[in-house]
$ cat input_22.txt   # compact mmCIF, C-alpha atoms
# COMPACT_ATOMS: atom_id res chain seq x y z
CA MET A 161 1.98 -27.59 -18.24
CA LYS A 162 4.20 -24.97 -16.65
CA VAL A 163 2.41 -22.29 -14.68
CA LEU A 164 4.02 -19.07 -13.46
CA GLY A 165 2.30 -17.52 -10.45
CA ILE A 166 2.89 -13.90 -9.40
CA ASP A 167 1.64 -11.94 -6.42
CA THR A 168 2.72 -8.37 -5.65
CA SER A 169 -0.42 -7.26 -3.82
CA THR A 170 1.35 -6.64 -0.53
CA MET A 171 4.88 -5.88 0.59
CA ILE A 172 5.84 -9.41 -0.46
CA ALA A 173 6.84 -9.90 -4.07
CA THR A 174 6.51 -13.57 -4.87
CA CYS A 175 6.78 -15.67 -8.02
CA ALA A 176 6.63 -19.42 -8.45
CA LEU A 177 6.67 -22.02 -11.15
CA ILE A 178 4.67 -25.23 -10.88
CA GLU A 179 4.36 -28.15 -13.27
CA ASP A 180 2.19 -31.27 -13.20
CA GLY A 181 1.29 -31.09 -9.54
CA ARG A 182 4.70 -30.21 -8.22
CA VAL A 183 6.62 -27.11 -7.35
CA LEU A 184 9.61 -26.27 -9.54
CA GLY A 185 10.57 -23.20 -7.57
CA GLU A 186 9.41 -20.18 -5.63
CA PHE A 187 11.09 -16.86 -4.89
CA SER A 188 9.67 -14.36 -2.39
CA LEU A 189 11.05 -11.10 -1.05
CA ASN A 190 9.53 -8.93 1.65
CA GLN A 191 10.70 -5.39 1.01
CA GLU A 192 8.95 -2.04 0.94
CA MET A 193 8.60 -0.11 -2.35
CA SER A 194 10.76 -2.42 -4.40
CA HIS A 195 8.48 -4.54 -6.58
CA SER A 196 9.15 -2.57 -9.74
CA GLU A 197 12.89 -3.17 -9.36
CA ASN A 198 12.72 -6.72 -8.04
CA LEU A 199 9.95 -8.64 -9.74
CA VAL A 200 11.36 -9.13 -13.24
CA PRO A 201 14.89 -9.99 -12.00
CA MET A 202 13.28 -12.45 -9.56
CA ILE A 203 11.41 -14.19 -12.37
CA LYS A 204 14.60 -14.28 -14.42
CA GLU A 205 16.55 -15.76 -11.51
CA LEU A 206 13.85 -18.38 -11.00
CA LEU A 207 13.76 -19.34 -14.69
CA ASP A 208 17.56 -19.23 -15.12
CA SER A 209 18.05 -21.48 -12.11
CA LEU A 210 15.67 -23.98 -13.66
CA ASN A 211 17.22 -23.66 -17.13
CA LEU A 212 13.93 -22.42 -18.49
CA LYS A 213 12.86 -19.47 -20.59
CA VAL A 214 9.83 -17.21 -20.55
CA ALA A 215 8.71 -18.99 -23.74
CA ASP A 216 8.44 -22.24 -21.75
CA ILE A 217 5.66 -20.89 -19.55
CA ASP A 218 2.24 -22.19 -20.65
CA LEU A 219 -0.04 -20.32 -18.28
CA TYR A 220 0.18 -17.16 -16.17
CA GLY A 221 -1.57 -16.75 -12.85
CA VAL A 222 -1.51 -13.37 -11.16
CA ALA A 223 -3.03 -11.98 -7.99
CA ILE A 224 -5.44 -9.18 -8.93
CA GLY A 225 -6.13 -7.73 -5.50
CA PRO A 226 -7.20 -6.33 -3.23
CA GLY A 227 -3.95 -4.83 -2.03
CA SER A 228 -1.49 -2.06 -2.80
CA PHE A 229 -2.60 -0.20 -5.93
CA THR A 230 0.94 0.23 -7.16
CA GLY A 231 1.91 -3.32 -6.24
CA LEU A 232 -1.02 -4.81 -8.13
CA ARG A 233 -0.22 -2.83 -11.25
CA ILE A 234 3.38 -4.01 -11.23
CA GLY A 235 2.46 -7.70 -10.98
CA ILE A 236 -0.43 -7.56 -13.42
CA ALA A 237 1.42 -5.44 -16.00
CA THR A 238 4.36 -7.87 -15.85
CA ALA A 239 2.20 -10.97 -16.24
CA LYS A 240 0.16 -9.40 -19.04
CA ALA A 241 3.27 -8.35 -20.92
CA PHE A 242 4.82 -11.84 -20.77
CA ALA A 243 1.54 -13.50 -21.74
CA HIS A 244 1.09 -11.05 -24.59
CA VAL A 245 4.57 -11.58 -26.04
CA TYR A 246 4.14 -15.37 -26.18
CA ASP A 247 0.37 -15.32 -26.66
CA LYS A 248 -0.37 -17.44 -23.58
CA PRO A 249 -3.46 -17.56 -21.37
CA ILE A 250 -3.59 -15.55 -18.18
CA VAL A 251 -5.81 -16.02 -15.14
CA GLY A 252 -6.47 -13.43 -12.43
CA ILE A 253 -6.83 -14.76 -8.90
CA SER A 254 -8.16 -12.91 -5.85
CA THR A 255 -5.31 -12.15 -3.48
CA LEU A 256 -7.58 -13.13 -0.58
CA GLU A 257 -8.45 -16.46 -2.15
CA GLY A 258 -4.74 -17.02 -2.71
CA LEU A 259 -4.07 -16.42 0.99
CA ALA A 260 -6.92 -18.70 2.07
CA PHE A 261 -5.63 -21.37 -0.31
CA ASN A 262 -2.34 -21.42 1.63
CA LEU A 263 -4.16 -23.10 4.51
CA THR A 264 -5.94 -26.35 5.12
CA PHE A 265 -8.27 -26.04 8.06
CA SER A 266 -11.60 -27.57 9.02
CA GLY A 267 -13.19 -24.31 10.24
CA ILE A 268 -13.42 -21.02 8.44
CA ILE A 269 -10.35 -19.36 6.96
CA VAL A 270 -10.16 -15.58 7.18
CA PRO A 271 -7.34 -13.82 5.32
CA MET A 272 -6.76 -10.20 6.31
CA ILE A 273 -4.74 -7.70 4.29
CA ASP A 274 -3.95 -4.39 5.95
CA ALA A 275 -5.98 -1.62 4.31
CA ARG A 276 -4.68 1.05 6.76
CA ARG A 277 -6.60 3.15 9.24
CA ASN A 278 -7.78 0.08 11.17
CA ARG A 279 -9.35 -1.49 8.12
CA VAL A 280 -8.61 -4.80 6.43
CA TYR A 281 -9.39 -6.35 3.10
CA THR A 282 -10.94 -9.63 4.03
CA GLY A 283 -13.24 -12.48 3.06
CA ILE A 284 -14.34 -15.76 4.58
CA TYR A 285 -13.47 -19.13 3.04
CA ARG A 286 -14.07 -22.76 3.89
CA TRP A 287 -12.90 -26.07 2.44
CA GLU A 288 -15.74 -28.30 1.32
CA LYS A 289 -15.08 -31.61 -0.41
CA GLY A 290 -11.65 -30.55 -1.56
CA ARG A 291 -12.78 -27.20 -2.90
CA LEU A 292 -12.19 -23.82 -1.35
CA ILE A 293 -15.58 -22.12 -1.05
CA ASN A 294 -16.02 -18.38 -0.64
CA ILE A 295 -18.56 -17.55 2.09
CA LEU A 296 -18.03 -13.80 2.48
CA ALA A 297 -17.00 -12.11 -0.77
CA PRO A 298 -13.85 -9.96 -0.69
CA THR A 299 -14.58 -6.67 1.01
CA ILE A 300 -13.01 -3.88 3.03
CA MET A 301 -13.99 -3.66 6.70
CA GLU A 302 -13.10 -2.01 9.95
CA ILE A 303 -11.20 -4.58 12.00
CA GLU A 304 -13.71 -4.20 14.86
CA GLU A 305 -16.63 -4.85 12.52
CA LEU A 306 -14.94 -7.98 11.19
CA LEU A 307 -14.13 -9.30 14.66
CA GLU A 308 -17.75 -8.82 15.71
CA LEU A 309 -18.84 -10.83 12.68
CA LEU A 310 -16.24 -13.54 13.35
CA ASN A 311 -17.43 -13.87 16.93
CA ASN A 312 -20.37 -15.84 15.50
CA TYR A 313 -18.01 -18.64 14.46
CA ASP A 314 -16.08 -20.88 16.78
CA HIS A 315 -13.36 -22.39 14.65
CA ILE A 316 -11.35 -19.76 12.83
CA MET A 317 -7.92 -19.58 11.26
CA VAL A 318 -6.55 -16.23 10.13
CA ASN A 319 -3.60 -15.21 7.97
CA GLY A 320 -2.31 -12.26 5.97
CA ASN A 321 -0.33 -9.19 6.99
CA GLY A 322 -3.39 -7.76 8.78
CA THR A 323 -3.08 -10.48 11.40
CA TYR A 324 0.18 -9.31 12.81
CA ILE A 325 -0.86 -5.68 12.88
CA HIS A 326 -4.08 -6.53 14.73
CA ARG A 327 -2.87 -9.68 16.49
CA ASP A 328 -3.51 -8.49 20.05
CA ARG A 329 -7.00 -7.26 19.27
CA ILE A 330 -7.90 -10.45 17.38
CA LEU A 331 -6.85 -12.54 20.37
CA GLU A 332 -8.68 -10.28 22.79
CA VAL A 333 -11.99 -10.60 20.96
CA LEU A 334 -11.89 -14.13 19.55
CA LYS A 335 -9.79 -15.74 22.31
CA ASP A 336 -9.42 -19.51 21.89
CA LYS A 337 -11.73 -19.60 18.88
CA VAL A 338 -8.99 -18.28 16.63
CA GLU A 339 -5.74 -19.79 15.41
CA PHE A 340 -2.97 -17.96 13.60
CA ALA A 341 -1.35 -19.45 10.50
CA PRO A 342 2.30 -20.50 10.69
CA ILE A 343 4.69 -17.82 9.40
CA GLY A 344 5.41 -19.69 6.18
CA LEU A 345 1.72 -19.69 5.26
CA ASN A 346 0.84 -16.28 6.63
CA GLU A 347 1.81 -14.19 3.63
CA CYS A 348 0.98 -14.27 -0.08
CA ARG A 349 2.53 -17.28 -1.81
CA ALA A 350 2.87 -17.42 -5.58
CA ILE A 351 2.58 -21.21 -5.40
CA SER A 352 -1.06 -20.82 -4.30
CA ILE A 353 -1.74 -18.29 -7.07
CA ALA A 354 -0.19 -20.63 -9.65
CA GLU A 355 -2.22 -23.65 -8.49
CA LEU A 356 -5.47 -21.69 -8.31
CA SER A 357 -4.94 -20.35 -11.80
CA LEU A 358 -4.43 -23.89 -13.05
CA LEU A 359 -7.65 -25.01 -11.32
CA LYS A 360 -9.61 -22.06 -12.69
CA LYS A 361 -8.19 -21.72 -16.17
CA ASP A 362 -11.28 -23.23 -17.76
CA GLU A 363 -13.87 -21.24 -15.82
CA LYS A 364 -12.00 -17.96 -16.29
CA ARG A 365 -11.67 -18.00 -20.04
CA ASP A 366 -13.24 -14.58 -20.40
CA TYR A 367 -10.00 -12.94 -19.29
CA ASN A 368 -7.00 -12.46 -21.51
CA TYR A 369 -3.91 -10.29 -21.57
CA TYR A 370 -5.98 -7.41 -22.89
CA THR A 371 -8.91 -7.52 -20.51
CA LEU A 372 -7.45 -8.53 -17.16
CA VAL A 373 -7.58 -5.63 -14.67
CA PRO A 374 -6.89 -5.25 -10.95
CA GLU A 375 -9.72 -5.50 -8.46
CA TYR A 376 -8.85 -2.66 -6.15
CA LEU A 377 -12.07 -2.97 -4.11
CA ARG A 378 -11.46 0.53 -2.83
CA GLU A 379 -12.30 2.00 -6.18
CA SER A 380 -15.90 1.02 -5.82
CA GLN A 381 -15.97 2.99 -2.59
CA ALA A 382 -14.49 5.99 -4.37
CA GLN A 383 -16.99 5.55 -7.16
CA ARG A 384 -19.81 5.41 -4.65
CA GLU A 385 -18.64 8.66 -3.16
CA LEU A 386 -18.32 10.15 -6.61
CA LYS A 387 -21.85 9.08 -7.42
CA GLY A 388 -22.99 10.57 -4.13
CA LYS A 389 -21.35 13.86 -5.03
CA GLU A 390 -22.81 13.83 -8.54
CA SER A 391 -26.34 13.08 -7.39
CA GLY A 392 -25.99 15.72 -4.69
CA SER A 393 -25.00 18.39 -7.19
CA ARG A 394 -27.88 17.73 -9.52
CA MET B 142 -1.05 24.41 18.44
CA VAL B 143 2.25 26.29 18.26
CA LYS B 144 2.96 29.54 16.43
CA ILE B 145 6.44 30.72 15.47
CA ARG B 146 7.49 33.94 13.81
CA LEU B 147 10.45 33.42 11.45
CA LYS B 148 12.19 36.67 10.63
CA GLY B 149 13.79 36.13 7.29
CA LEU B 150 14.99 33.32 5.06
CA LYS B 151 17.81 32.30 7.37
CA GLU B 152 15.49 31.59 10.29
CA THR B 153 13.15 29.70 8.00
CA GLU B 154 16.05 27.60 6.77
CA GLU B 155 17.20 26.88 10.31
CA PHE B 156 13.72 25.90 11.38
CA GLY B 157 13.41 23.56 8.38
CA LYS B 158 16.78 21.93 9.02
CA LYS B 159 15.99 21.42 12.68
CA LEU B 160 12.60 19.93 11.86
CA GLY B 161 14.23 17.68 9.25
CA SER B 162 16.80 16.46 11.77
CA ILE B 163 14.01 15.43 14.15
CA LEU B 164 11.80 13.59 11.66
CA LYS B 165 11.67 9.80 11.59
CA GLY B 166 10.53 7.27 9.02
CA GLY B 167 6.74 7.12 8.88
CA ASP B 168 6.21 10.81 9.72
CA VAL B 169 3.73 12.71 7.58
CA LEU B 170 3.84 16.50 7.25
CA SER B 171 1.01 18.42 5.67
CA LEU B 172 2.05 21.87 4.44
CA SER B 173 -0.46 24.58 3.69
CA GLY B 174 -0.24 28.23 2.74
CA ASP B 175 -0.88 30.47 -0.24
CA LEU B 176 1.03 30.26 -3.51
CA GLY B 177 4.49 31.65 -2.84
CA ALA B 178 4.22 31.23 0.92
CA GLY B 179 7.31 29.03 0.84
CA LYS B 180 6.12 25.46 1.07
CA THR B 181 8.74 24.13 -1.35
CA THR B 182 11.43 26.37 0.19
CA LEU B 183 10.65 24.95 3.62
CA THR B 184 10.71 21.43 2.21
CA LYS B 185 14.21 22.07 0.83
CA SER B 186 15.47 22.93 4.32
CA ILE B 187 13.67 19.97 5.87
CA GLY B 188 15.37 17.82 3.21
CA ILE B 189 18.79 19.11 4.26
CA GLY B 190 17.95 18.23 7.87
CA LEU B 191 16.99 14.75 6.67
CA GLY B 192 20.33 14.34 4.93
CA VAL B 193 19.03 14.59 1.36
CA GLU B 194 21.89 15.63 -0.93
CA ASP B 195 19.91 15.91 -4.15
CA TYR B 196 18.47 19.27 -5.15
CA ILE B 197 14.83 19.34 -4.12
CA THR B 198 12.48 20.80 -6.71
CA SER B 199 8.78 21.48 -6.74
CA PRO B 200 6.65 18.39 -7.41
CA THR B 201 3.80 20.47 -8.83
CA PHE B 202 4.10 18.81 -12.23
CA THR B 203 5.47 15.41 -11.25
CA LEU B 204 3.02 15.06 -8.29
CA ILE B 205 5.56 12.98 -6.32
CA ASN B 206 9.32 13.33 -6.04
CA GLU B 207 11.39 10.80 -4.16
CA TYR B 208 14.71 11.46 -2.46
CA GLN B 209 17.09 9.40 -0.41
CA GLY B 210 18.26 10.85 2.89
CA ARG B 211 18.67 9.28 6.31
CA VAL B 212 15.30 7.79 5.39
CA PRO B 213 13.47 8.15 2.07
CA LEU B 214 11.69 11.48 1.54
CA TYR B 215 8.47 11.52 -0.48
CA HIS B 216 7.51 15.00 -1.56
CA PHE B 217 3.94 15.41 -2.82
CA ASP B 218 2.15 18.39 -4.29
CA VAL B 219 -1.58 17.75 -4.48
CA TYR B 220 -2.50 21.19 -5.86
CA ARG B 221 -3.25 19.83 -9.33
CA LEU B 222 -5.24 16.84 -8.19
CA GLU B 223 -8.94 16.85 -8.87
CA GLY B 224 -9.83 14.84 -5.82
CA LYS B 225 -9.40 11.71 -3.81
CA GLU B 226 -9.80 9.41 -6.78
CA ASP B 227 -6.64 10.81 -8.37
CA LEU B 228 -4.70 10.06 -5.20
CA LEU B 229 -6.03 6.52 -5.06
CA ASP B 230 -4.72 6.08 -8.59
CA LEU B 231 -1.31 7.29 -7.45
CA GLY B 232 -1.20 4.58 -4.82
CA TYR B 233 -0.70 7.18 -2.11
CA GLU B 234 -1.08 4.76 0.77
CA ASP B 235 2.17 3.02 -0.06
CA TYR B 236 3.86 6.35 0.66
CA PHE B 237 1.83 7.69 3.57
CA TYR B 238 2.27 4.48 5.52
CA SER B 239 5.85 3.72 4.52
CA ASN B 240 9.16 3.85 6.35
CA GLY B 241 9.91 7.17 4.70
CA VAL B 242 9.03 10.75 5.57
CA THR B 243 6.13 12.15 3.54
CA ILE B 244 5.69 15.88 2.97
CA VAL B 245 2.45 16.91 1.28
CA GLU B 246 2.15 20.43 -0.10
CA TRP B 247 -1.46 21.65 -0.04
CA GLY B 248 -2.17 18.79 2.36
CA ASP B 249 -5.14 20.73 3.71
CA ARG B 250 -6.94 19.87 0.48
CA ILE B 251 -6.88 16.13 1.24
CA GLU B 252 -7.21 16.22 5.01
CA ASP B 253 -9.74 13.42 5.17
CA ILE B 254 -7.36 10.88 3.67
CA LEU B 255 -4.17 11.95 5.41
CA PRO B 256 -3.19 9.73 8.32
CA GLU B 257 -4.51 11.07 11.62
CA ASP B 258 -1.07 10.88 13.15
CA ARG B 259 0.50 13.74 11.26
CA VAL B 260 1.89 17.24 11.66
CA ASN B 261 0.16 20.17 9.97
CA ILE B 262 2.28 23.18 9.15
CA GLU B 263 0.65 26.35 7.94
CA ILE B 264 2.85 29.06 6.46
CA GLU B 265 1.63 32.65 6.39
CA LYS B 266 3.28 35.71 4.94
CA THR B 267 3.28 38.93 6.94
CA ASP B 268 3.63 42.51 5.78
CA GLN B 269 7.39 42.22 6.39
CA GLU B 270 9.24 40.81 3.40
CA ASP B 271 10.65 37.31 4.00
CA GLU B 272 8.94 37.07 7.35
CA ARG B 273 6.72 34.06 7.92
CA ILE B 274 4.39 32.89 10.65
CA ILE B 275 4.41 29.13 11.01
CA THR B 276 1.55 27.40 12.77
CA ILE B 277 2.18 23.83 13.79
CA SER B 278 -0.75 21.66 14.78
CA GLY B 279 -1.65 18.02 15.04
CA GLN B 280 -3.14 15.45 17.33
CA GLY B 281 -1.04 12.31 17.11
CA LYS B 282 1.78 10.99 19.23
CA ARG B 283 4.43 12.12 16.77
CA TYR B 284 3.03 15.66 16.80
CA ASN B 285 3.63 15.91 20.53
CA GLU B 286 7.11 14.41 20.27
CA ILE B 287 8.14 16.68 17.40
CA VAL B 288 6.88 19.85 19.08
CA LYS B 289 8.71 18.85 22.25
CA GLU B 290 11.93 18.24 20.37
CA LEU B 291 11.64 21.50 18.44
CA ASN B 292 11.76 23.11 21.89
CA ILE B 293 9.91 26.24 20.86
CA ASN B 294 9.28 29.06 23.35
$ encode --input "input_22.txt" --output "structure tokens"
Amino acid sequence: MKVLGIDTSTMIATCALIEDGRVLGEFSLNQEMSHSENLVPMIKELLDSLNLKVADIDLYGVAIGPGSFTGLRIGIATAKAFAHVYDKPIVGISTLEGLAFNLTFSGIIVPMIDARRNRVYTGIYRWEKGRLINILAPTIMEIEELLELLNNYDHIMVNGNGTYIHRDRILEVLKDKVEFAPIGLNECRAISIAELSLLKKDEKRDYNYYTLVPEYLRESQAQRELKGKESGSR
Amino acid sequence: MVKIRLKGLKETEEFGKKLGSILKGGDVLSLSGDLGAGKTTLTKSIGIGLGVEDYITSPTFTLINEYQGRVPLYHFDVYRLEGKEDLLDLGYEDYFYSNGVTIVEWGDRIEDILPEDRVNIEIEKTDQEDERIITISGQGKRYNEIVKELNIN
């Protein structure tokens, strides 16, 4: 089974093809405001280089956020369109879970995606018996609030683009309790999204190319505020 | 806070060009002022200072226009937006925190989501035709640098 993974949640656009437990290829580019121009040519380049066609893809895995609103829409719209044309299954994977899945570590794994204004999208994960378990569900937090929470743990590995923005502060608070991921595993990797979608394809059957939507996370905050406004005006 | 009196279109143009020549990628300008105060006109001059060769038009209907100068210029008009939710849908953060210069007309309407490090420019008409009073304010590092470089006094 050939699985195409896509992640455009952050400044990295990444796509990868895996088959039967091995990587066929991965293509990642780190460039601002360019996903809409780059993603489809990247997938074409990847497939052409492997002498494959879009029709050969059996399953689509796509990162559904949190992350850049525009970025998410580009990746998800692309994956949904391809899946729709060839009537193939599609699985949405949390961008944070994808990041955590990049790492193998005995302590807790904490991916951080920059959410601007000193906030990060984050969650807490841990490997247990070969499965990546989610301990803190994906959320948006002030970096200080997160670091205070993480201070309760003593074996932490962090990754994601939030970790280089807040690197100094993370080290200052967590000191020798924290380890940073190697560069190659620090950013979103489509290989992880592809493998996770393969692992989850049976439990995530309720999604298809019609129903899959981004999980912005921020929207719920906006909706809360909207509700606050509405209830206030009544 | 700095106030400047610009006597006529030419002075406004020169001010805009000078400001544009100072701006760097990542800068955010919030423009405010009544309809017809000259927010788009000022943006045109800032664009020239930034090296934009395209003709800059009002983004009132398109919401965002993008231009390529020395650095990218993202020109917003948030007048038509209903609120913050609309901006979230636009994916505004990719612009506000980019390597380009962002100019937001009616920025005073979305103050709470603009980056703190920004420059506010208020344009007021006077009773003299084509005369404008420009009030520049801000609190970030770039505000101080820009005001210093504008060398007003």
$ residues_around --input "input_22.txt" --residues "Gly210 (chain B)" --least-positions-apart "4" --cutoff "9 Å" --atoms "all atoms listed in the file" --output "ChimeraX atom specification"
/B:188-195,214
$ residues_around --input "input_22.txt" --residues "region 234-240 of chain A" --least-positions-apart "4" --cutoff "8 Å" --atoms "all atoms listed in the file" --output "list in words"
Ile166, Asp167, Thr168, Ser169, His195, Ser196, Leu199, Val200, Tyr220, Gly221, Val222, Ala223, Ile224, Thr230, His244, Ile250, Tyr369, Tyr370, Leu372, Val373 and Pro374 of chain A
$ interface_residues --input "input_22.txt" --of "chain B" --to "chain A" --cutoff "7 Å" --atoms "all atoms listed in the file" --output "JSON, numbers by chain"
{"B": [226, 232, 235]}
$ residues_around --input "input_22.txt" --residues "Leu255 (chain B)" --least-positions-apart "5" --cutoff "12 Å" --atoms "all atoms listed in the file" --output "VMD selection string"
(chain A and resid 276 to 277) or (chain B and resid 168 to 172 219 225 228 to 229 233 to 234 236 to 238 243 to 250 260 to 261 279)
$ closest_residue --input "input_22.txt" --among "A:Asn262, A:Leu164, A:Glu179, A:Pro298" --to "Ala215 (chain A)" --atoms "all atoms listed in the file"
A:Leu164
$ residues_around --input "input_22.txt" --residues "Tyr196 (chain B)" --least-positions-apart "5" --cutoff "12 Å" --atoms "only C-alpha atoms" --output "VMD selection string"
chain B and resid 181 to 182 184 to 186 188 to 189 206 to 210
$ closest_residue --input "input_22.txt" --among "A:Thr371, A:Ser254, A:Thr264, A:Ser188" --to "Val318 (chain A)" --atoms "all atoms listed in the file"
A:Thr264
$ axis_aligned_box --input "input_22.txt" --around "region 214-226 of chain B" --padding-each-side "5 Å" --output "lines of an AutoDock Vina configuration file"
center_x = 0.9
center_y = 15.3
center_z = -3.9
size_x = 31.5
size_y = 21.8
size_z = 20.9
$ residues_near_point --input "input_22.txt" --point "(-1.3, 17.1, -10.4)" --cutoff "12 Å" --atoms "only C-alpha atoms" --output "NGL selection string"
:B and (199-205 or 217-225 or 227-228 or 230-231 or 246-247)
$ write_last_selection --input "input_22.txt" --atoms "C-alpha atoms" --output "PDB file, keeping the file's coordinate frame"
ATOM      1  CA  SER B 199       8.780  21.480  -6.740  1.00  0.00           C
ATOM      2  CA  PRO B 200       6.650  18.390  -7.410  1.00  0.00           C
ATOM      3  CA  THR B 201       3.800  20.470  -8.830  1.00  0.00           C
ATOM      4  CA  PHE B 202       4.100  18.810 -12.230  1.00  0.00           C
ATOM      5  CA  THR B 203       5.470  15.410 -11.250  1.00  0.00           C
ATOM      6  CA  LEU B 204       3.020  15.060  -8.290  1.00  0.00           C
ATOM      7  CA  ILE B 205       5.560  12.980  -6.320  1.00  0.00           C
ATOM      8  CA  PHE B 217       3.940  15.410  -2.820  1.00  0.00           C
ATOM      9  CA  ASP B 218       2.150  18.390  -4.290  1.00  0.00           C
ATOM     10  CA  VAL B 219      -1.580  17.750  -4.480  1.00  0.00           C
ATOM     11  CA  TYR B 220      -2.500  21.190  -5.860  1.00  0.00           C
ATOM     12  CA  ARG B 221      -3.250  19.830  -9.330  1.00  0.00           C
ATOM     13  CA  LEU B 222      -5.240  16.840  -8.190  1.00  0.00           C
ATOM     14  CA  GLU B 223      -8.940  16.850  -8.870  1.00  0.00           C
ATOM     15  CA  GLY B 224      -9.830  14.840  -5.820  1.00  0.00           C
ATOM     16  CA  LYS B 225      -9.400  11.710  -3.810  1.00  0.00           C
ATOM     17  CA  ASP B 227      -6.640  10.810  -8.370  1.00  0.00           C
ATOM     18  CA  LEU B 228      -4.700  10.060  -5.200  1.00  0.00           C
ATOM     19  CA  ASP B 230      -4.720   6.080  -8.590  1.00  0.00           C
ATOM     20  CA  LEU B 231      -1.310   7.290  -7.450  1.00  0.00           C
ATOM     21  CA  GLU B 246       2.150  20.430  -0.100  1.00  0.00           C
ATOM     22  CA  TRP B 247      -1.460  21.650  -0.040  1.00  0.00           C
TER      23      TRP B 247
END
$ closest_residue --input "input_22.txt" --among "A:Val338, A:Val163, A:Leu212, A:Ala176" --to "Ile351 (chain A)" --atoms "all atoms listed in the file"
A:Ala176
$ closest_residue --input "input_22.txt" --among "B:Ala178, B:Ile293, B:Ile287, B:Val212" --to "Asp258 (chain B)" --atoms "all atoms listed in the file"
B:Ile287
$ closest_residue --input "input_22.txt" --among "B:Ile197, B:Ile251, B:Leu291, B:Ile277" --to "Val143 (chain B)" --atoms "only C-alpha atoms"
B:Ile277
$ atom_distance --input "input_22.txt" --atom1 "CA of Asn319 (chain A)" --atom2 "CA of Ile254 (chain B)"
26.7 Å
$ closest_residue --input "input_22.txt" --among "B:Ile187, B:Glu270, B:Asp175, B:Asn285" --to "Glu154 (chain B)" --atoms "only C-alpha atoms"
B:Ile187
